[in-house]
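Take a look at the structure below.
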Amino acid sequence: MTSLLSRLPSLGPGDGEPRSSATGGLAAAAALAVHVLGLLGLGLALVVVQTLDPDGGLPVGSSARLAAQLWLLAQGAQLDLPSGPLRVAPLLLTLVIAWGLNRAAGSVAAVRAVHTAGGAARVLAVVVGVHVVATAGLALLADGAAAPVGLLRPVLGALVLALVAGGLGVLRDSGLSAELADRFPGPGRALWQAVVAGTLTLAACCTAVVAVALVDDIAAVGRLATGLGGASAGAAGQVGLSLLLLPNATAAVMGLAAGPGFVVGAGTLVSAGGVSLAAVPALPLMAALPDTQAVPLLAFLAQALPAVAGLVAAAVLGRRLGEDDGGSVTAALWGLVAGVGVGVTCGLVVLVAGARLGDGALAEVGAPALTTGLAIAAQAGIAAALAAPVSRWRARG
């Protein structure tokens, strides 16, 4: 998006200070482009899947409505179905929307040479405002008697998502992120980088656990992918939905790694302390669940992942601490803070990844956010506090 915006002629008055009206218009266009391109891409994918159905599949209008509902679900919406409320955010789509908003806001800041806090705030305000208004309009259009869509949840979700993703983009491309980090006491920039590195490490390891579990039962993946019929259309739809929910599975494994485990409805619990199995949705992703009541070896090995995340956070922190940031004792204290930050971030991810599938047995799906976050914070914090002084000592030679 940056390359596209950079081809536009300069709209400033020529004195080096970007004109606010031109910057606001560009920010509005960039935010609206995220909606248009995202919905077109999602709708096109659904139409292609429907064309593979030998019975004709859904008409284009129904595919467009489904695309709008998925877009809203990704931002926290809830569909009130006859079977009960459906509340599940396909986090892969949420990440795509966040990436688009991040690039949109950041690109405007870079192209318009925004380097002041006031200019950055104006860009962010326009991006957030346009995104929230567009989401509200889409919720009104997607609302229907068969699956009513509430307005409050998607609007609040869009507001938070645009503030976080767009704000990070503006701070990065305006050059204000370093200035903001330096305003906080202590090694703000190094601490932020350590928390991000630890969180991404834990997420990558948990995703690897899901992948290993799926490969271990690849035959069940194939059966579930074709279980709904519709030939290649059914398989493509099942696989596509599983991909959209893959980050949700990653968050569930965070609960397993932390200790509390995760549930898939009232009858299915997977933790290192025990496994109970009941009926689950027929998705290929569900083939990663254990086949028996015995606790799999992979669940025991996953218990080490929060400590691994803490070690990575400590390594990043120790290498990036400056000469004025103290010695080994200070590094240990900041390592503890970084580990707690990893736990807080993962707890928020688990909270967003939780789902509710009706009022029946699947009314609760996912890991407990509070206990998962606290357990990861404790384990990662202890590991980082012990490893950060070593990393600090090695970095200083």
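Each chain in the structure tokens gets a letter, A, B, ..., in the order shown, and its residues are numbered from 1; ligands are numbered from 1 in order too.
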*Which residues in stretch 194-267 of chain A does DSSP call alpha helix (DSSP H)? List them as a ChimeraX atom specification.*
/A:194-216,218-225,231-244,246-258
_Quick one: residues within 12 Å of A:Gly366, only C-alpha atoms, excluding same-chain residues fewer than 4 positions away - as a ChimeraX atom specification?_
/A:87-89,245,247-256,260-266,268-271,347,349-357,362,372
Write the selection just made, keeping N, CA and C atoms, as a CSV table (one decimal), in the first residue's frame?
```csv
chain,number,residue,atom,x,y,z
A,87,ARG,N,-20.7,-16.9,18.6
A,87,ARG,CA,-19.6,-15.9,18.8
A,87,ARG,C,-18.3,-16.6,18.7
A,88,VAL,N,-17.7,-16.5,17.6
A,88,VAL,CA,-16.3,-17.0,17.4
A,88,VAL,C,-15.6,-16.1,16.3
A,89,ALA,N,-14.5,-15.6,16.7
A,89,ALA,CA,-13.7,-14.7,15.9
A,89,ALA,C,-12.7,-15.6,15.1
A,245,LEU,N,-9.5,-20.6,11.5
A,245,LEU,CA,-9.6,-20.8,13.0
A,245,LEU,C,-8.2,-21.4,13.5
A,247,PRO,N,-5.3,-19.9,14.2
A,247,PRO,CA,-4.9,-19.1,15.4
A,247,PRO,C,-5.7,-19.4,16.7
A,248,ASN,N,-7.0,-19.7,16.5
A,248,ASN,CA,-7.8,-20.0,17.7
A,248,ASN,C,-7.3,-21.3,18.3
A,249,ALA,N,-6.9,-22.3,17.5
A,249,ALA,CA,-6.4,-23.5,18.0
A,249,ALA,C,-5.0,-23.2,18.7
A,250,THR,N,-4.2,-22.3,18.1
A,250,THR,CA,-3.0,-22.0,18.8
A,250,THR,C,-3.2,-21.4,20.1
A,251,ALA,N,-4.2,-20.5,20.3
A,251,ALA,CA,-4.5,-20.0,21.6
A,251,ALA,C,-5.0,-21.1,22.6
A,252,ALA,N,-5.7,-22.0,22.1
A,252,ALA,CA,-6.2,-23.1,22.9
A,252,ALA,C,-5.0,-23.9,23.5
A,253,VAL,N,-4.0,-24.1,22.6
A,253,VAL,CA,-2.8,-24.9,23.0
A,253,VAL,C,-2.0,-24.1,24.0
A,254,MET,N,-2.1,-22.7,24.0
A,254,MET,CA,-1.4,-21.9,25.0
A,254,MET,C,-2.0,-22.3,26.4
A,255,GLY,N,-3.3,-22.5,26.4
A,255,GLY,CA,-3.9,-23.0,27.7
A,255,GLY,C,-3.4,-24.4,28.1
A,256,LEU,N,-3.2,-25.2,27.1
A,256,LEU,CA,-2.6,-26.6,27.4
A,256,LEU,C,-1.2,-26.4,27.9
A,260,PRO,N,-3.8,-25.1,32.6
A,260,PRO,CA,-5.2,-25.3,32.7
A,260,PRO,C,-5.9,-26.1,31.6
A,261,GLY,N,-5.3,-26.2,30.4
A,261,GLY,CA,-5.9,-26.9,29.3
A,261,GLY,C,-6.9,-26.1,28.6
A,262,PHE,N,-7.7,-26.7,27.8
A,262,PHE,CA,-8.8,-26.1,27.1
A,262,PHE,C,-10.0,-27.0,26.9
A,263,VAL,N,-11.1,-26.4,26.6
A,263,VAL,CA,-12.4,-27.2,26.5
A,263,VAL,C,-12.9,-27.0,25.1
A,264,VAL,N,-13.6,-28.0,24.6
A,264,VAL,CA,-14.4,-27.8,23.4
A,264,VAL,C,-15.8,-28.3,23.7
A,265,GLY,N,-16.5,-27.4,24.4
A,265,GLY,CA,-17.8,-27.7,24.9
A,265,GLY,C,-17.8,-28.3,26.3
A,266,ALA,N,-18.9,-28.8,26.7
A,266,ALA,CA,-19.1,-29.2,28.1
A,266,ALA,C,-18.4,-30.6,28.3
A,268,THR,N,-15.6,-32.1,26.5
A,268,THR,CA,-14.3,-32.3,26.0
A,268,THR,C,-13.3,-31.4,26.7
A,269,LEU,N,-12.4,-31.9,27.4
A,269,LEU,CA,-11.3,-31.2,28.1
A,269,LEU,C,-10.0,-31.9,27.8
A,270,VAL,N,-9.0,-31.0,27.4
A,270,VAL,CA,-7.7,-31.5,27.1
A,270,VAL,C,-6.7,-30.8,28.0
A,271,SER,N,-6.0,-31.5,28.9
A,271,SER,CA,-5.0,-30.8,29.7
A,271,SER,C,-3.9,-31.9,30.0
A,347,GLY,N,-2.6,-13.9,27.5
A,347,GLY,CA,-4.0,-14.0,28.1
A,347,GLY,C,-5.0,-13.2,27.3
A,349,VAL,N,-4.8,-12.7,24.1
A,349,VAL,CA,-5.0,-13.5,22.9
A,349,VAL,C,-6.0,-14.7,23.1
A,350,VAL,N,-5.8,-15.4,24.3
A,350,VAL,CA,-6.7,-16.5,24.6
A,350,VAL,C,-8.1,-15.9,24.9
A,351,LEU,N,-8.2,-14.7,25.5
A,351,LEU,CA,-9.6,-14.2,25.7
A,351,LEU,C,-10.3,-13.9,24.4
A,352,VAL,N,-9.6,-13.3,23.4
A,352,VAL,CA,-10.2,-13.0,22.1
A,352,VAL,C,-10.5,-14.3,21.3
A,353,ALA,N,-9.7,-15.3,21.5
A,353,ALA,CA,-9.9,-16.6,20.8
A,353,ALA,C,-11.0,-17.5,21.3
A,354,GLY,N,-11.5,-17.2,22.5
A,354,GLY,CA,-12.6,-18.0,23.0
A,354,GLY,C,-13.9,-17.9,22.2
A,355,ALA,N,-14.7,-18.9,22.2
A,355,ALA,CA,-15.9,-19.0,21.3
A,355,ALA,C,-17.1,-19.5,22.1
A,356,ARG,N,-18.2,-19.2,21.5
A,356,ARG,CA,-19.5,-19.7,22.0
A,356,ARG,C,-20.3,-20.2,20.8
A,357,LEU,N,-20.6,-21.4,20.8
A,357,LEU,CA,-21.4,-22.0,19.7
A,357,LEU,C,-22.7,-22.5,20.1
A,362,LEU,N,-21.9,-26.8,23.4
A,362,LEU,CA,-20.7,-26.1,22.9
A,362,LEU,C,-20.8,-24.6,23.3
A,372,THR,N,-4.8,-18.9,32.3
A,372,THR,CA,-3.7,-19.1,31.3
A,372,THR,C,-2.7,-18.0,31.3
```
*With only C-alpha atoms as the basis for distance, which of A:Gln69, A:Thr23, A:Thr199, A:Ser107 is at the shortest distance from A:Val123?*
A:Thr23
*Hey, can you check how far atom CA of A:Val108 sits from atom CA of A:Leu138?*
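Pair atom CA of A:Val108 / atom CA of A:Leu138 returns 24.2 Å.
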*asked:* Excluding A:Leu46 and its own-chain neighbours fewer than 2 positions away, which residues fall within 12 Å of it when counting only C-alpha atoms? Please give them as number ranges by chain.
replied: A: 39-44, 48-53, 57-68, 70, 233-234, 236-238, 240-241
Show which residues sit within 7 Å of A:Val295, as a PDB file with N, CA and C atoms, in the first residue's frame. Count only C-alpha atoms, and ignore same-chain residues fewer than 5 positions away.
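Listed below is the output, out-v3.pdb:
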```pdb
ATOM      1  N   ALA A 272      -2.852 -31.437  30.645  1.00  0.00           N
ATOM      2  CA  ALA A 272      -1.809 -32.381  31.047  1.00  0.00           C
ATOM      3  C   ALA A 272      -2.259 -33.258  32.207  1.00  0.00           C
ATOM      4  N   GLY A 274      -5.383 -34.606  32.431  1.00  0.00           N
ATOM      5  CA  GLY A 274      -6.371 -35.586  32.009  1.00  0.00           C
ATOM      6  C   GLY A 274      -7.056 -35.153  30.731  1.00  0.00           C
ATOM      7  N   VAL A 275      -7.717 -36.112  30.099  1.00  0.00           N
ATOM      8  CA  VAL A 275      -8.424 -35.872  28.837  1.00  0.00           C
ATOM      9  C   VAL A 275      -9.805 -36.482  28.949  1.00  0.00           C
TER      10      VAL A 275
END
```
*Could you give me the residues within stretch 137-383 of chain A that DSSP places in strand (DSSP E or B), as a ChimeraX atom specification?*
/A:149,262-264,269-271,274-276,355-357,365-366
Selection to disk with C-alpha atoms, as a PDB file, in the first residue's frame:
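Ended up saving to out_36.pdb:
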```pdb
ATOM      1  CA  VAL A 149     -26.313  -9.144  14.017  1.00  0.00           C
ATOM      2  CA  PHE A 262      -8.800 -26.062  27.067  1.00  0.00           C
ATOM      3  CA  VAL A 263     -12.363 -27.198  26.483  1.00  0.00           C
ATOM      4  CA  VAL A 264     -14.397 -27.831  23.351  1.00  0.00           C
ATOM      5  CA  LEU A 269     -11.320 -31.216  28.116  1.00  0.00           C
ATOM      6  CA  VAL A 270      -7.662 -31.541  27.113  1.00  0.00           C
ATOM      7  CA  SER A 271      -4.980 -30.835  29.708  1.00  0.00           C
ATOM      8  CA  GLY A 274      -6.371 -35.586  32.009  1.00  0.00           C
ATOM      9  CA  VAL A 275      -8.424 -35.872  28.837  1.00  0.00           C
ATOM     10  CA  SER A 276     -12.177 -36.245  28.437  1.00  0.00           C
ATOM     11  CA  ALA A 355     -15.864 -18.973  21.326  1.00  0.00           C
ATOM     12  CA  ARG A 356     -19.492 -19.715  22.023  1.00  0.00           C
ATOM     13  CA  LEU A 357     -21.353 -22.017  19.661  1.00  0.00           C
ATOM     14  CA  VAL A 365     -14.902 -23.316  23.614  1.00  0.00           C
ATOM     15  CA  GLY A 366     -11.299 -22.383  24.330  1.00  0.00           C
TER      16      GLY A 366
END
```
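The residue that comes closest to A:Ala146, out of A:Pro187, A:Gly129, A:Ser83, A:Thr207 and on the basis of only C-alpha atoms, is A:Ser83.
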_If we count only C-alpha atoms and set the cut-off at 8 Å, which residues sit around A:Val34, ignoring sequence neighbours fewer than 6 positions away in its own chain? Please answer as JSON, numbers by chain._
{"A": [97, 100, 101, 104]}
_If I take atom CA of A:Leu298 and atom CA of A:Leu202, how far is one from the other in Å, to one decimal?_
15.0 Å
_Option closest in space to A:Gln303, from A:Val96, A:Leu161, A:Ala258, A:Val337 [counting only C-alpha atoms]_ =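 Result for the nearest residue to A:Gln303: A:Ala258.
Ranking A:Leu311, A:Ala74, A:Leu176, A:Ala257 by their shortest atom-to-atom distance to A:Ala110, with only C-alpha atoms included, puts A:Leu176 first.
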*asked:* When you look at A:Leu285 with a cut-off of 10 Å (counting only C-alpha atoms), what residues show up, excluding the ones that are within fewer than 6 positions of it in the same chain? I need them as a list in words.
replied: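 Near neighbours after the sequence-gap exclusion: Val210, Ala211, Ala213, Leu214, Ala220, Val221, Leu224, Ala225, Gln238, Val239, Leu241, Ser242, Leu243, Leu245, Leu246 and Ala249 of chain A.
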*Distance in Å - atom CA of A:Ala388 versus atom CA of A:Ala315*: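 So the two atoms, atom CA of A:Ala388 and atom CA of A:Ala315, lie 6.3 Å apart.
Using only C-alpha atoms, the shortest contact distance between A:Ala145 and any of A:Leu32, A:Ala307, A:Leu81, A:Val164 is found at A:Leu81.
With only C-alpha atoms as the atoms that count, the residue of A:Glu179, A:Pro85, A:Val47, A:Leu73 with the shortest distance to A:Gly358 is A:Pro85.
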